[in-house]
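Heads up: the structure comes next, in structure tokens.
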Amino acid sequence: MQKIVNLKMVIAGALLATSTLTACETTPKVRSDFDSSYDFASYATFTWAFERVILVSGDYILGSVKRQVMIDQAKLAFEEKGYRFVDNASEADFVVSLSVGAQDKIDVDYVGGPGPWIGRTYTSRYTEGGLAIDIFDGGDKRAAWHGQSTKRLPQKELDNPGPSFKEAVSLVLANFPPQPTPLEAN
């Protein structure tokens, strides 16, 4: 009887760990922060912060074709929000920096059993992708807004990052321009 109870605990733990890992894979984590002293409503034009528009870090190399697709998608996302791209930084109300990366990680979960020596450790390898968008004021060149998204990436998204990048840009820019909270509006 004790062996059946222990087996049930191990199976339940395995199912819990699997469902937790699966949930993490599909749900991007999105955060943003901003300096409320800037008047985001006055922003109309933008440009890129660097000649090499996307800064890349992590365990994976991003080829020039994929890089250009991402640049075009980000530019389109800002234009769909009503902003106009300009080549000359002196004409831009704000300057955009894009950073992307993917890093291999290992997740370790311990599922305890009914006694101090009964339990199971589960490990999983995965790749976490990240996107950060930083916006600097065109006038004083100081950081005005930051948004980021992280997500577990399956191999198919590493091979073809365009669709997941487009989704990440859309999710991050959902918080831009920032809306003042009721306390800031007064």
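Identifiers in this document derive from the order of the structure tokens: chains are assigned A, B, ..., residues are numbered from 1 separately in each chain, and ligands are numbered from 1 in order of occurrence.
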Inset, instruction - Just the residues within 9 Å of Trp48 of chain A, please, counting only C-alpha atoms, with nothing from its chain fewer than 6 positions along; format it as a list in words. - result: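 These residues fall inside the cut-off: Phe85, Val86, Asp87, Ala89, Phe94, Val95, Val96, Ser97 and Leu98 of chain A.
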Could the residues in this selection be written to a file with C-alpha atoms, as a CSV table (one decimal), in the first residue's frame?
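As written to disk, out37.csv reads:
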```csv
chain,number,residue,atom,x,y,z
A,85,PHE,CA,10.6,57.3,-38.8
A,86,VAL,CA,13.3,59.9,-39.6
A,87,ASP,CA,16.9,59.1,-40.7
A,89,ALA,CA,18.6,61.8,-35.2
A,94,PHE,CA,12.7,59.9,-29.5
A,95,VAL,CA,15.5,57.4,-30.2
A,96,VAL,CA,14.9,53.6,-30.0
A,97,SER,CA,17.4,50.9,-29.0
A,98,LEU,CA,16.5,47.3,-29.6
```
Inset, instruction - Show which residues sit within 12 Å of Phe176 of chain A, as a list in words. Count only C-alpha atoms, and ignore same-chain residues fewer than 2 positions away. - result: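 Counting only the stated atoms, we get Arg31, Ser32, Asp33, Phe34, Phe40, Ala41, Tyr43, Ala77, Phe78, Lys81, Gly82, Tyr83, Ile133, Asp134, Ile135, Ala144, Trp145, His146, Gly147, Gln148, Val169, Ser170, Leu171, Val172, Leu173, Ala174, Pro178, Gln179 and Pro180 of chain A.
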Legend entry - DSSP strand (DSSP E or B) selection over segment 21-135 of chain A, as number ranges by chain: A: 29-34, 45-48, 54-58, 84-85, 94-112, 119-135
Inset, instruction - Please return as a PyMOL selection string: the residues of segment 19-175 of chain A that backbone DSSP assigns to alpha helix (DSSP H). - result: chain A and resi 19-26+64-80+155-159+162-173
Inset, instruction - Can you pull out every residue within 12 Å of Ile61 of chain A, counting only C-alpha atoms, but drop anything in the same chain fewer than 5 positions away, and send it as a PyMOL selection string? - result: chain A and resi 55-56+66-67+100-103+158-159+161
Would you put the residues from that selection into a file with C-alpha atoms, as a compact mmCIF listing (two decimals), in the first residue's frame?
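Written output follows (result-v3.txt):
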```txt
# COMPACT_ATOMS: atom_id res chain seq x y z
CA LEU A 55 22.15 44.70 -30.12
CA VAL A 56 22.47 40.92 -29.78
CA LYS A 66 16.86 37.71 -39.66
CA ARG A 67 18.22 40.90 -38.13
CA VAL A 100 17.58 40.74 -28.36
CA GLY A 101 19.12 37.60 -27.04
CA ALA A 102 18.63 33.94 -26.35
CA GLN A 103 20.37 31.93 -23.68
CA LEU A 158 14.99 29.88 -32.76
CA ASP A 159 15.11 28.73 -36.38
CA PRO A 161 12.40 34.10 -34.84
```
Inset, instruction - Kindly give the distance, in Å, that separates atom CA of Thr127 of chain A and atom CA of Pro154 of chain A, rounded to a single decimal. - result: 7.1 Å
Legend entry - Between atom CA of Val53 of chain A and atom CA of Gly139 of chain A - distance in Å to one decimal: 19.7 Å
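For the pair atom CA of Glu157 of chain A and atom CA of Asp107 of chain A, the interatomic distance is 19.5 Å.
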Inset, instruction - Do a neighbour search on Ser124 of chain A at 9 Å with only C-alpha atoms, toss out local chain neighbours closer than 3 positions, and write the hits as a list in words. - result: Leu21, Lys105, Ile106, Asp107, Val108 and Asp109 of chain A
